[in-house]
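Peer 1: Structure file start-v4.cif (mmCIF, C-alpha atoms and all ligand atoms) right here:
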data_query
#
loop_
_atom_site.group_PDB
_atom_site.id
_atom_site.type_symbol
_atom_site.label_atom_id
_atom_site.label_comp_id
_atom_site.auth_asym_id
_atom_site.auth_seq_id
_atom_site.Cartn_x
_atom_site.Cartn_y
_atom_site.Cartn_z
ATOM 1 C CA ALA I 1 -29.301 -50.648 45.878
ATOM 2 C CA PHE I 2 -29.872 -53.853 44.037
ATOM 3 C CA ALA I 3 -27.040 -55.090 41.896
ATOM 4 C CA ALA I 4 -27.686 -56.630 38.510
ATOM 5 C CA GLU I 5 -25.177 -58.901 36.832
ATOM 6 C CA THR I 6 -25.207 -58.006 33.150
ATOM 7 C CA THR I 7 -22.545 -58.961 30.614
ATOM 8 C CA GLY I 8 -19.873 -59.538 33.166
ATOM 9 C CA GLU I 9 -19.978 -56.203 34.960
ATOM 10 C CA LEU I 10 -21.822 -55.532 38.182
ATOM 11 C CA ARG I 11 -24.436 -52.856 37.664
ATOM 12 C CA LYS I 12 -26.348 -51.080 40.401
ATOM 13 C CA PHE I 13 -29.739 -49.454 40.156
ATOM 14 C CA ASP I 14 -32.093 -47.979 42.697
ATOM 15 C CA ASN I 15 -35.451 -49.451 43.587
ATOM 16 C CA VAL I 16 -37.903 -46.586 44.167
ATOM 17 C CA ALA I 17 -41.276 -47.314 45.771
ATOM 18 C CA HIS I 18 -43.808 -45.209 43.837
ATOM 19 C CA ARG I 19 -46.023 -43.318 46.326
ATOM 20 C CA GLY I 20 -44.609 -45.915 48.728
ATOM 21 C CA ALA I 21 -45.270 -49.608 48.085
ATOM 22 C CA SER I 22 -48.583 -48.496 46.582
ATOM 23 C CA GLY I 23 -49.354 -51.862 45.021
ATOM 24 C CA TYR I 24 -49.766 -53.257 48.527
ATOM 25 C CA ALA I 25 -50.869 -50.361 50.729
ATOM 26 C CA PRO I 26 -52.687 -47.049 50.207
ATOM 27 C CA GLU I 27 -50.471 -44.700 48.168
ATOM 28 C CA ASN I 28 -48.741 -41.799 49.917
ATOM 29 C CA THR I 29 -49.514 -43.030 53.447
ATOM 30 C CA ILE I 30 -47.285 -44.136 56.303
ATOM 31 C CA ALA I 31 -48.525 -47.710 55.688
ATOM 32 C CA ALA I 32 -47.185 -47.593 52.113
ATOM 33 C CA PHE I 33 -43.892 -45.970 53.139
ATOM 34 C CA ASP I 34 -43.308 -48.455 55.972
ATOM 35 C CA LYS I 35 -44.084 -51.288 53.556
ATOM 36 C CA ALA I 36 -41.470 -49.904 51.136
ATOM 37 C CA ARG I 37 -38.903 -49.979 53.929
ATOM 38 C CA ALA I 38 -39.861 -53.522 54.858
ATOM 39 C CA MET I 39 -39.415 -54.495 51.193
ATOM 40 C CA LYS I 40 -35.933 -52.957 51.196
ATOM 41 C CA ALA I 41 -36.618 -50.295 48.598
ATOM 42 C CA ASP I 42 -33.865 -47.681 48.258
ATOM 43 C CA TYR I 43 -36.250 -44.713 48.059
ATOM 44 C CA ILE I 44 -39.872 -43.785 48.617
ATOM 45 C CA GLU I 45 -41.413 -41.466 46.035
ATOM 46 C CA ILE I 46 -43.811 -38.870 47.499
ATOM 47 C CA ASP I 47 -46.075 -36.198 45.950
ATOM 48 C CA VAL I 48 -46.112 -32.860 47.761
ATOM 49 C CA GLN I 49 -48.943 -30.292 47.644
ATOM 50 C CA ARG I 50 -50.285 -27.613 50.059
ATOM 51 C CA SER I 51 -53.379 -27.188 52.222
ATOM 52 C CA LYS I 52 -55.535 -24.046 52.220
ATOM 53 C CA ASP I 53 -53.810 -22.852 55.388
ATOM 54 C CA GLY I 54 -50.312 -23.432 54.076
ATOM 55 C CA LYS I 55 -49.248 -26.842 55.386
ATOM 56 C CA LEU I 56 -47.297 -29.055 52.976
ATOM 57 C CA VAL I 57 -49.015 -32.422 52.582
ATOM 58 C CA VAL I 58 -48.309 -35.680 50.785
ATOM 59 C CA ILE I 59 -50.992 -36.699 48.273
ATOM 60 C CA HIS I 60 -50.979 -37.394 44.539
ATOM 61 C CA ASP I 61 -54.230 -36.083 43.070
ATOM 62 C CA THR I 62 -55.096 -32.393 43.286
ATOM 63 C CA SER I 63 -58.427 -33.453 44.801
ATOM 64 C CA VAL I 64 -59.052 -35.822 47.721
ATOM 65 C CA ASN I 65 -61.920 -37.587 45.937
ATOM 66 C CA ARG I 66 -60.206 -40.772 44.721
ATOM 67 C CA THR I 67 -58.048 -41.698 47.716
ATOM 68 C CA THR I 68 -60.081 -40.480 50.705
ATOM 69 C CA ASP I 69 -63.649 -40.439 52.022
ATOM 70 C CA GLY I 70 -63.845 -36.666 51.456
ATOM 71 C CA THR I 71 -64.383 -34.405 48.473
ATOM 72 C CA GLY I 72 -62.776 -31.226 47.220
ATOM 73 C CA TYR I 73 -59.438 -29.862 46.135
ATOM 74 C CA VAL I 74 -56.417 -30.205 48.407
ATOM 75 C CA LYS I 75 -55.765 -26.459 48.060
ATOM 76 C CA ASP I 76 -59.288 -25.615 49.307
ATOM 77 C CA LEU I 77 -59.143 -27.732 52.490
ATOM 78 C CA THR I 78 -57.394 -26.804 55.727
ATOM 79 C CA TYR I 79 -54.794 -29.123 57.226
ATOM 80 C CA GLU I 80 -57.298 -30.010 59.964
ATOM 81 C CA GLN I 81 -59.903 -30.922 57.368
ATOM 82 C CA LEU I 82 -57.368 -33.004 55.428
ATOM 83 C CA GLN I 83 -56.307 -34.734 58.651
ATOM 84 C CA SER I 84 -59.888 -35.749 59.402
ATOM 85 C CA LEU I 85 -60.087 -37.817 56.195
ATOM 86 C CA ASP I 86 -59.602 -41.562 55.867
ATOM 87 C CA ALA I 87 -56.845 -42.012 53.292
ATOM 88 C CA GLY I 88 -56.599 -45.792 53.657
ATOM 89 C CA SER I 89 -59.987 -47.450 53.175
ATOM 90 C CA PHE I 90 -60.025 -47.030 49.395
ATOM 91 C CA LYS I 91 -57.283 -49.682 49.333
ATOM 92 C CA GLY I 92 -58.997 -52.040 51.772
ATOM 93 C CA GLU I 93 -60.748 -51.868 55.145
ATOM 94 C CA GLN I 94 -57.600 -53.034 56.943
ATOM 95 C CA PHE I 95 -56.076 -49.647 56.107
ATOM 96 C CA SER I 96 -58.919 -47.522 57.513
ATOM 97 C CA GLY I 97 -57.552 -44.742 59.672
ATOM 98 C CA GLU I 98 -54.507 -43.996 57.522
ATOM 99 C CA LYS I 99 -54.122 -40.233 57.246
ATOM 100 C CA ILE I 100 -52.773 -37.864 54.619
ATOM 101 C CA PRO I 101 -49.235 -37.318 55.961
ATOM 102 C CA SER I 102 -47.646 -33.909 56.237
ATOM 103 C CA PHE I 103 -44.354 -33.357 54.379
ATOM 104 C CA GLU I 104 -42.644 -32.614 57.724
ATOM 105 C CA GLU I 105 -43.839 -35.889 59.192
ATOM 106 C CA VAL I 106 -42.442 -37.871 56.261
ATOM 107 C CA LEU I 107 -39.066 -36.098 56.427
ATOM 108 C CA ASP I 108 -38.785 -36.654 60.182
ATOM 109 C CA ARG I 109 -39.902 -40.275 60.114
ATOM 110 C CA TYR I 110 -37.805 -41.493 57.161
ATOM 111 C CA ARG I 111 -34.683 -39.354 57.022
ATOM 112 C CA GLY I 112 -31.603 -41.531 57.241
ATOM 113 C CA LYS I 113 -33.744 -44.674 56.981
ATOM 114 C CA ILE I 114 -34.687 -44.662 53.301
ATOM 115 C CA GLY I 115 -34.096 -42.248 50.436
ATOM 116 C CA ILE I 116 -36.869 -39.767 49.605
ATOM 117 C CA LEU I 117 -37.700 -38.815 46.012
ATOM 118 C CA ILE I 118 -39.788 -35.666 46.433
ATOM 119 C CA GLU I 119 -42.142 -34.728 43.588
ATOM 120 C CA LEU I 120 -43.614 -31.239 43.556
ATOM 121 C CA LYS I 121 -47.059 -32.085 42.192
ATOM 122 C CA ALA I 122 -48.899 -29.378 40.235
ATOM 123 C CA PRO I 123 -46.728 -26.599 41.730
ATOM 124 C CA GLU I 124 -48.450 -24.088 39.445
ATOM 125 C CA LEU I 125 -51.414 -24.336 41.877
ATOM 126 C CA TYR I 126 -49.215 -23.438 44.856
ATOM 127 C CA PRO I 127 -47.263 -20.207 44.334
ATOM 128 C CA GLY I 128 -44.131 -20.136 46.470
ATOM 129 C CA ILE I 129 -44.140 -23.873 47.239
ATOM 130 C CA GLU I 130 -40.567 -24.191 45.940
ATOM 131 C CA GLU I 131 -39.199 -21.965 48.721
ATOM 132 C CA GLU I 132 -41.349 -23.731 51.333
ATOM 133 C CA VAL I 133 -40.051 -27.168 50.365
ATOM 134 C CA ALA I 134 -36.476 -25.837 50.352
ATOM 135 C CA GLN I 135 -37.005 -24.327 53.812
ATOM 136 C CA GLU I 136 -38.255 -27.602 55.336
ATOM 137 C CA LEU I 137 -35.111 -29.324 54.049
ATOM 138 C CA ARG I 138 -32.763 -26.528 55.174
ATOM 139 C CA GLU I 139 -34.263 -26.480 58.686
ATOM 140 C CA ARG I 140 -33.350 -30.145 59.000
ATOM 141 C CA ASN I 141 -29.908 -29.806 57.425
ATOM 142 C CA MET I 142 -31.152 -31.999 54.617
ATOM 143 C CA ASP I 143 -29.975 -29.623 51.901
ATOM 144 C CA LYS I 144 -26.450 -31.035 51.695
ATOM 145 C CA PRO I 145 -25.305 -33.790 49.393
ATOM 146 C CA GLN I 146 -24.579 -37.280 50.638
ATOM 147 C CA ASP I 147 -25.943 -36.776 54.194
ATOM 148 C CA ASN I 148 -29.384 -37.821 53.099
ATOM 149 C CA LYS I 149 -30.644 -39.521 50.001
ATOM 150 C CA ILE I 150 -32.898 -36.738 48.734
ATOM 151 C CA ILE I 151 -33.868 -36.091 45.103
ATOM 152 C CA ILE I 152 -36.435 -33.517 43.940
ATOM 153 C CA GLN I 153 -38.456 -33.850 40.729
ATOM 154 C CA SER I 154 -41.410 -32.300 38.895
ATOM 155 C CA PHE I 155 -43.189 -32.241 35.553
ATOM 156 C CA ASN I 156 -42.981 -28.442 35.889
ATOM 157 C CA PHE I 157 -39.573 -27.427 34.507
ATOM 158 C CA GLU I 158 -39.723 -23.821 35.725
ATOM 159 C CA THR I 159 -40.216 -25.183 39.232
ATOM 160 C CA MET I 160 -37.183 -27.428 38.818
ATOM 161 C CA LYS I 161 -35.022 -24.486 37.682
ATOM 162 C CA LYS I 162 -36.111 -22.646 40.828
ATOM 163 C CA MET I 163 -35.422 -25.660 43.033
ATOM 164 C CA ASN I 164 -31.953 -26.025 41.554
ATOM 165 C CA ALA I 165 -31.201 -22.386 42.358
ATOM 166 C CA LEU I 166 -32.606 -22.763 45.908
ATOM 167 C CA LEU I 167 -30.896 -26.067 46.711
ATOM 168 C CA PRO I 168 -27.846 -26.285 44.464
ATOM 169 C CA LYS I 169 -26.437 -29.320 46.262
ATOM 170 C CA ILE I 170 -29.532 -31.514 45.959
ATOM 171 C CA PRO I 171 -30.002 -33.642 42.802
ATOM 172 C CA MET I 172 -32.892 -32.444 40.612
ATOM 173 C CA GLY I 173 -35.023 -34.441 38.165
ATOM 174 C CA VAL I 174 -37.342 -33.546 35.300
ATOM 175 C CA LEU I 175 -40.369 -35.757 34.675
ATOM 176 C CA THR I 176 -42.005 -36.300 31.312
ATOM 177 C CA SER I 177 -43.951 -38.773 29.238
ATOM 178 C CA SER I 178 -43.492 -36.745 26.068
ATOM 179 C CA LYS I 179 -41.190 -37.808 23.239
ATOM 180 C CA ALA I 180 -40.871 -34.120 22.347
ATOM 181 C CA HIS I 181 -38.690 -33.815 25.446
ATOM 182 C CA THR I 182 -36.184 -36.418 24.201
ATOM 183 C CA THR I 183 -34.613 -34.377 21.398
ATOM 184 C CA ASP I 184 -30.929 -33.486 21.700
ATOM 185 C CA GLN I 185 -31.874 -29.847 22.182
ATOM 186 C CA ALA I 186 -34.399 -30.565 24.942
ATOM 187 C CA LEU I 187 -32.039 -32.901 26.789
ATOM 188 C CA GLU I 188 -29.157 -30.431 26.580
ATOM 189 C CA GLU I 189 -31.378 -27.755 28.127
ATOM 190 C CA PHE I 190 -32.467 -30.089 30.957
ATOM 191 C CA ALA I 191 -28.830 -30.920 31.664
ATOM 192 C CA THR I 192 -28.181 -27.263 32.531
ATOM 193 C CA TYR I 193 -30.182 -27.612 35.763
ATOM 194 C CA ALA I 194 -31.200 -31.264 36.198
ATOM 195 C CA ASP I 195 -29.272 -34.309 37.354
ATOM 196 C CA TYR I 196 -31.979 -36.800 36.396
ATOM 197 C CA PHE I 197 -34.159 -37.184 33.318
ATOM 198 C CA ASN I 198 -37.147 -39.261 34.475
ATOM 199 C CA PRO I 199 -39.398 -40.506 31.656
ATOM 200 C CA SER I 200 -42.366 -42.870 31.603
ATOM 201 C CA TYR I 201 -41.106 -46.245 30.402
ATOM 202 C CA GLY I 202 -43.090 -46.064 27.158
ATOM 203 C CA ILE I 203 -40.569 -43.589 25.730
ATOM 204 C CA VAL I 204 -37.418 -45.316 27.033
ATOM 205 C CA SER I 205 -34.959 -46.801 24.524
ATOM 206 C CA LYS I 206 -31.273 -47.731 24.662
ATOM 207 C CA GLU I 207 -30.514 -44.659 22.527
ATOM 208 C CA LEU I 208 -32.300 -42.408 25.004
ATOM 209 C CA VAL I 209 -30.471 -43.917 27.993
ATOM 210 C CA ASP I 210 -27.147 -43.422 26.203
ATOM 211 C CA LYS I 211 -27.944 -39.807 25.295
ATOM 212 C CA VAL I 212 -28.971 -38.972 28.871
ATOM 213 C CA HIS I 213 -25.802 -40.563 30.232
ATOM 214 C CA ALA I 214 -23.623 -38.783 27.668
ATOM 215 C CA LEU I 215 -24.975 -35.481 29.009
ATOM 216 C CA GLY I 216 -23.963 -36.468 32.535
ATOM 217 C CA MET I 217 -27.505 -37.086 33.786
ATOM 218 C CA LYS I 218 -29.012 -40.212 35.299
ATOM 219 C CA ILE I 219 -32.318 -41.734 34.262
ATOM 220 C CA SER I 220 -35.113 -43.058 36.486
ATOM 221 C CA SER I 221 -38.213 -44.467 34.850
ATOM 222 C CA TRP I 222 -41.814 -45.151 35.896
ATOM 223 C CA THR I 223 -44.258 -46.688 36.637
ATOM 224 C CA VAL I 224 -43.484 -50.378 36.883
ATOM 225 C CA ARG I 225 -46.569 -52.473 37.623
ATOM 226 C CA SER I 226 -45.515 -55.730 35.916
ATOM 227 C CA HIS I 227 -42.527 -58.061 35.910
ATOM 228 C CA GLU I 228 -42.149 -57.448 32.163
ATOM 229 C CA ALA I 229 -41.843 -53.687 32.617
ATOM 230 C CA ALA I 230 -39.254 -54.178 35.360
ATOM 231 C CA GLN I 231 -37.231 -56.494 33.132
ATOM 232 C CA PHE I 232 -37.453 -54.058 30.218
ATOM 233 C CA LEU I 233 -36.023 -51.190 32.277
ATOM 234 C CA ILE I 234 -33.265 -53.376 33.699
ATOM 235 C CA ASP I 235 -32.336 -54.342 30.125
ATOM 236 C CA MET I 236 -32.333 -50.657 29.145
ATOM 237 C CA LYS I 237 -29.846 -50.048 31.983
ATOM 238 C CA VAL I 238 -31.688 -47.208 33.652
ATOM 239 C CA ASP I 239 -30.310 -45.950 36.960
ATOM 240 C CA ALA I 240 -33.510 -46.285 38.965
ATOM 241 C CA ILE I 241 -36.834 -48.057 38.612
ATOM 242 C CA ILE I 242 -39.909 -46.412 40.086
ATOM 243 C CA THR I 243 -42.430 -49.124 40.922
ATOM 244 C CA ASP I 244 -45.682 -49.750 42.799
ATOM 245 C CA TYR I 245 -44.254 -53.215 43.586
ATOM 246 C CA PRO I 246 -40.710 -52.981 44.985
ATOM 247 C CA ASP I 247 -40.497 -56.784 45.033
ATOM 248 C CA TYR I 248 -40.870 -56.920 41.220
ATOM 249 C CA VAL I 249 -37.443 -55.326 40.950
ATOM 250 C CA ASP I 250 -35.209 -58.252 41.709
ATOM 251 C CA PRO I 251 -31.430 -58.379 41.258
ATOM 252 C CA ARG I 252 -31.620 -61.792 39.610
ATOM 253 C CA MET I 253 -33.712 -60.336 36.776
ATOM 254 C CA GLY I 254 -30.632 -58.642 35.437
ATOM 255 C CA VAL I 255 -28.605 -61.821 35.058
ATOM 256 C CA LYS I 256 -28.163 -62.815 31.427
HETATM 257 O O1 LIG J 1 -42.060 -40.658 40.033
HETATM 258 C C1 LIG J 1 -42.670 -40.641 38.806
HETATM 259 C C2 LIG J 1 -44.159 -40.616 38.830
HETATM 260 O O2 LIG J 1 -44.601 -40.483 40.136
HETATM 261 C C3 LIG J 1 -44.755 -39.565 37.989
HETATM 262 O O3 LIG J 1 -46.133 -39.715 37.793
HETATM 263 O O4 LIG J 1 -48.497 -39.281 38.189
HETATM 264 O O5 LIG J 1 -47.355 -41.009 39.517
HETATM 265 O O6 LIG J 1 -46.879 -38.634 39.950
HETATM 266 P P1 LIG J 1 -47.237 -39.649 38.921
HETATM 267 CA CA CA J 2 -45.320 -38.857 41.647
#
What would the structure in this file look like if it were written as structure tokens?
Peer 2:
Amino acid sequence: AFAAETTGELRKFDNVAHRGASGYAPENTIAAFDKARAMKADYIEIDVQRSKDGKLVVIHDTSVNRTTDGTGYVKDLTYEQLQSLDAGSFKGEQFSGEKIPSFEEVLDRYRGKIGILIELKAPELYPGIEEEVAQELRERNMDKPQDNKIIIQSFNFETMKKMNALLPKIPMGVLTSSKAHTTDQALEEFATYADYFNPSYGIVSKELVDKVHALGMKISSWTVRSHEAAQFLIDMKVDAIITDYPDYVDPRMGVK
């Protein structure tokens, strides 16, 4: 983790590469995850969904239209169909041939090498996906604390309650961009099953960071795409910064 010198004390925060180093390489591909490693990020953030025939895959949108040369919903395409798509060219011809990775492939390739922040994306479209994600981690002995840097998060709070029950030793995060989720009551409820409260940076304030910490949770915020946003979150003393540009999160930015 990067260390930031603030008013005398040494403060650490994690640098999380959002969908990999997606500012530089096609999001949610091996190229973007390898780039995040090369840039010394602490974690890659990945979005997990499911193919028609039940394979867990790593892609952000619920359709393949924006990031591949295909069309249709992820849930309506088989793994073979998803594999046949070019998931790199939208970011530049030099990335042609990048594929939609499977969840298994990402776990096997990066475990022990970089932390993995796993987002269950639109889990309401994929009944039972919570148990399937838990099973992939259990099979690899990745369901224990400390051994692997694994965090799970979702905008779907019911899913996160289920994940916490399935994998009680893995840190859980709730995602939101809604101020309605920053009330004392809402935060206290999250703290019953979540270890991280992960808001968009537009709703982050010092008061919010203090409240989240007082409840024993950590706070990771997203999505940094400018040096100013990175500096703002460092000043707010969040625990992790989720960024498309891992190199924008620099330890020297925290020095006052
Ligand atoms: O990790 C936080 C962030 O990924 C949430 O938003 O839309 O990029 O998945 P989104
Ligand atoms: Ca995400």
Peer 1: Run the PyMOL selection byres (((not hetatm)) within 7 of (chain J and resi 1)) on the file and write out the hits as a PyMOL selection string.
Peer 2: chain I and resi 18-19+45+47+60+119+121+175+222-223+242
Peer 1: Give the residues close to ligand CA 2 (chain J), within 12 Å, counting all atoms listed in the file; write them as JSON, numbers by chain.
Peer 2: {"I": [16, 17, 18, 19, 20, 22, 27, 28, 44, 45, 46, 47, 48, 49, 58, 59, 60, 61, 62, 116, 117, 118, 119, 120, 121, 122, 152, 153, 154, 155, 173, 174, 175, 176, 198, 199, 200, 221, 222, 223, 242, 243, 244]}
Peer 1: Okay, now the selection with C-alpha atoms, as a PDB file, keeping the file's coordinate frame?
Peer 2:
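See selection-v5.pdb below for the written result:
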ATOM      1  CA  VAL I  16     -37.903 -46.586  44.167  1.00  0.00           C
ATOM      2  CA  ALA I  17     -41.276 -47.314  45.771  1.00  0.00           C
ATOM      3  CA  HIS I  18     -43.808 -45.209  43.837  1.00  0.00           C
ATOM      4  CA  ARG I  19     -46.023 -43.318  46.326  1.00  0.00           C
ATOM      5  CA  GLY I  20     -44.609 -45.915  48.728  1.00  0.00           C
ATOM      6  CA  SER I  22     -48.583 -48.496  46.582  1.00  0.00           C
ATOM      7  CA  GLU I  27     -50.471 -44.700  48.168  1.00  0.00           C
ATOM      8  CA  ASN I  28     -48.741 -41.799  49.917  1.00  0.00           C
ATOM      9  CA  ILE I  44     -39.872 -43.785  48.617  1.00  0.00           C
ATOM     10  CA  GLU I  45     -41.413 -41.466  46.035  1.00  0.00           C
ATOM     11  CA  ILE I  46     -43.811 -38.870  47.499  1.00  0.00           C
ATOM     12  CA  ASP I  47     -46.075 -36.198  45.950  1.00  0.00           C
ATOM     13  CA  VAL I  48     -46.112 -32.860  47.761  1.00  0.00           C
ATOM     14  CA  GLN I  49     -48.943 -30.292  47.644  1.00  0.00           C
ATOM     15  CA  VAL I  58     -48.309 -35.680  50.785  1.00  0.00           C
ATOM     16  CA  ILE I  59     -50.992 -36.699  48.273  1.00  0.00           C
ATOM     17  CA  HIS I  60     -50.979 -37.394  44.539  1.00  0.00           C
ATOM     18  CA  ASP I  61     -54.230 -36.083  43.070  1.00  0.00           C
ATOM     19  CA  THR I  62     -55.096 -32.393  43.286  1.00  0.00           C
ATOM     20  CA  ILE I 116     -36.869 -39.767  49.605  1.00  0.00           C
ATOM     21  CA  LEU I 117     -37.700 -38.815  46.012  1.00  0.00           C
ATOM     22  CA  ILE I 118     -39.788 -35.666  46.433  1.00  0.00           C
ATOM     23  CA  GLU I 119     -42.142 -34.728  43.588  1.00  0.00           C
ATOM     24  CA  LEU I 120     -43.614 -31.239  43.556  1.00  0.00           C
ATOM     25  CA  LYS I 121     -47.059 -32.085  42.192  1.00  0.00           C
ATOM     26  CA  ALA I 122     -48.899 -29.378  40.235  1.00  0.00           C
ATOM     27  CA  ILE I 152     -36.435 -33.517  43.940  1.00  0.00           C
ATOM     28  CA  GLN I 153     -38.456 -33.850  40.729  1.00  0.00           C
ATOM     29  CA  SER I 154     -41.410 -32.300  38.895  1.00  0.00           C
ATOM     30  CA  PHE I 155     -43.189 -32.241  35.553  1.00  0.00           C
ATOM     31  CA  GLY I 173     -35.023 -34.441  38.165  1.00  0.00           C
ATOM     32  CA  VAL I 174     -37.342 -33.546  35.300  1.00  0.00           C
ATOM     33  CA  LEU I 175     -40.369 -35.757  34.675  1.00  0.00           C
ATOM     34  CA  THR I 176     -42.005 -36.300  31.312  1.00  0.00           C
ATOM     35  CA  ASN I 198     -37.147 -39.261  34.475  1.00  0.00           C
ATOM     36  CA  PRO I 199     -39.398 -40.506  31.656  1.00  0.00           C
ATOM     37  CA  SER I 200     -42.366 -42.870  31.603  1.00  0.00           C
ATOM     38  CA  SER I 221     -38.213 -44.467  34.850  1.00  0.00           C
ATOM     39  CA  TRP I 222     -41.814 -45.151  35.896  1.00  0.00           C
ATOM     40  CA  THR I 223     -44.258 -46.688  36.637  1.00  0.00           C
ATOM     41  CA  ILE I 242     -39.909 -46.412  40.086  1.00  0.00           C
ATOM     42  CA  THR I 243     -42.430 -49.124  40.922  1.00  0.00           C
ATOM     43  CA  ASP I 244     -45.682 -49.750  42.799  1.00  0.00           C
TER      44      ASP I 244
END
Peer 1: Write out as a short mmCIF file (atom, residue, chain, number, x, y, z; two decimals) with C-alpha atoms, keeping the file's coordinate frame each polymer residue whose atoms come within 8 Å of range 135-145 of chain I, counting all atoms listed in the file; drop sequence neighbours fewer than 6 positions from it.
Peer 2:
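Okay, around.cif is ready:
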data_model
loop_
_atom_site.label_atom_id
_atom_site.label_comp_id
_atom_site.auth_asym_id
_atom_site.auth_seq_id
_atom_site.Cartn_x
_atom_site.Cartn_y
_atom_site.Cartn_z
CA GLU I 104 -42.64 -32.61 57.72
CA LEU I 167 -30.90 -26.07 46.71
CA LYS I 169 -26.44 -29.32 46.26
CA ILE I 170 -29.53 -31.51 45.96
#
Peer 1: Using the chain letters and numbering of this document, enumerate as a ChimeraX atom specification the residues selected by the PyMOL selection byres (((chain I and resi 69) around 12) and not hetatm).
Peer 2: /I:63-68,70-72,81-91,96-100
Peer 1: To verify the selection step, state as an NGL selection string which residues the PyMOL selection byres (((chain I and resi 215) around 8) and not hetatm) yields on this input.
Peer 2: :I and (187-188 or 191 or 211-214 or 216-217)
Peer 1: Pick from I:Ala134, I:Ala31, I:Ala165, I:Ile114: nearest to Tyr193 in chain I, with all atoms listed in the file counted?
Peer 2: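 Counting all atoms listed in the file, the residue closest to Tyr193 in chain I is I:Ala165.
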Peer 1: Which residues are close to Ala41 in chain I, i.e. within 6 Å by only C-alpha atoms, leaving aside same-chain residues fewer than 3 positions away? Reply as a ChimeraX atom specification.
Peer 2: /I:15-16,36-37
Peer 1: Write a file of the selected residues as a short mmCIF file (atom, residue, chain, number, x, y, z; two decimals), in the frame of the given file, keeping C-alpha atoms.
Peer 2:
data_model
loop_
_atom_site.label_atom_id
_atom_site.label_comp_id
_atom_site.auth_asym_id
_atom_site.auth_seq_id
_atom_site.Cartn_x
_atom_site.Cartn_y
_atom_site.Cartn_z
CA ASN I 15 -35.45 -49.45 43.59
CA VAL I 16 -37.90 -46.59 44.17
CA ALA I 36 -41.47 -49.90 51.14
CA ARG I 37 -38.90 -49.98 53.93
#
Peer 1: Could you tell me which of I:Glu131, I:Asp247, I:Glu80, I:Glu207 comes closest to Asn164 in chain I if we count all atoms listed in the file?
Peer 2: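 Of I:Glu131, I:Asp247, I:Glu80, I:Glu207, the one nearest Asn164 in chain I, counting all atoms listed in the file, is I:Glu131.
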Peer 1: Distance CA of Lys237 in chain I-CA of Asp34 in chain I, one decimal place?
Peer 2: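 CA of Asp34 in chain I lies at a distance of 27.6 Å from CA of Lys237 in chain I.
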Peer 1: Padding 8 Å on every side, please: axis-aligned box over the listed atoms of range 73-80 of chain I, centre and edge lengths to one decimal in Å, as AutoDock Vina command-line options.
Peer 2:
--center_x -57.1 --center_y -27.9 --center_z 53.0 --size_x 20.6 --size_y 20.6 --size_z 29.8
Peer 1: Nearest to Glu158 in chain I: which of I:Glu105, I:Asp250, I:Glu124, I:Asp53 is it, counting all atoms listed in the file?
Peer 2: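 Going through I:Glu105, I:Asp250, I:Glu124, I:Asp53 one by one, the smallest distance to Glu158 in chain I is for I:Glu124.
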Peer 1: Determine the nearest neighbour of Tyr43 in chain I from the options I:Val209, I:Val204, I:Met236, I:Ile151, counting only C-alpha atoms.
Peer 2: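 Closest to Tyr43 in chain I of all the choices is I:Ile151.
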Peer 1: For each of I:Val133, I:Leu107, I:Ala25, I:Ala186, take the minimum atom-to-atom distance to Lys149 in chain I, counting all atoms listed in the file, then give the residue where this is smallest.
Peer 2: I:Leu107
Peer 1: Out of I:Val224, I:Leu166, I:Ala194, I:Val238, which residue has the shortest atom-to-atom distance to Asp210 in chain I when counting all atoms listed in the file?
Peer 2: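 Of I:Val224, I:Leu166, I:Ala194, I:Val238, the one nearest Asp210 in chain I, counting all atoms listed in the file, is I:Val238.
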Peer 1: Find the distance between CA of Ala180 in chain I and CA of Ile219 in chain I and write it in Å to one decimal.
Peer 2: 16.5 Å
Peer 1: Asn148 in chain I: which residues within 8 Å, counting all atoms listed in the file, same-chain residues fewer than 5 positions away excluded, as a PyMOL selection string?
Peer 2: chain I and resi 111-112+115+142
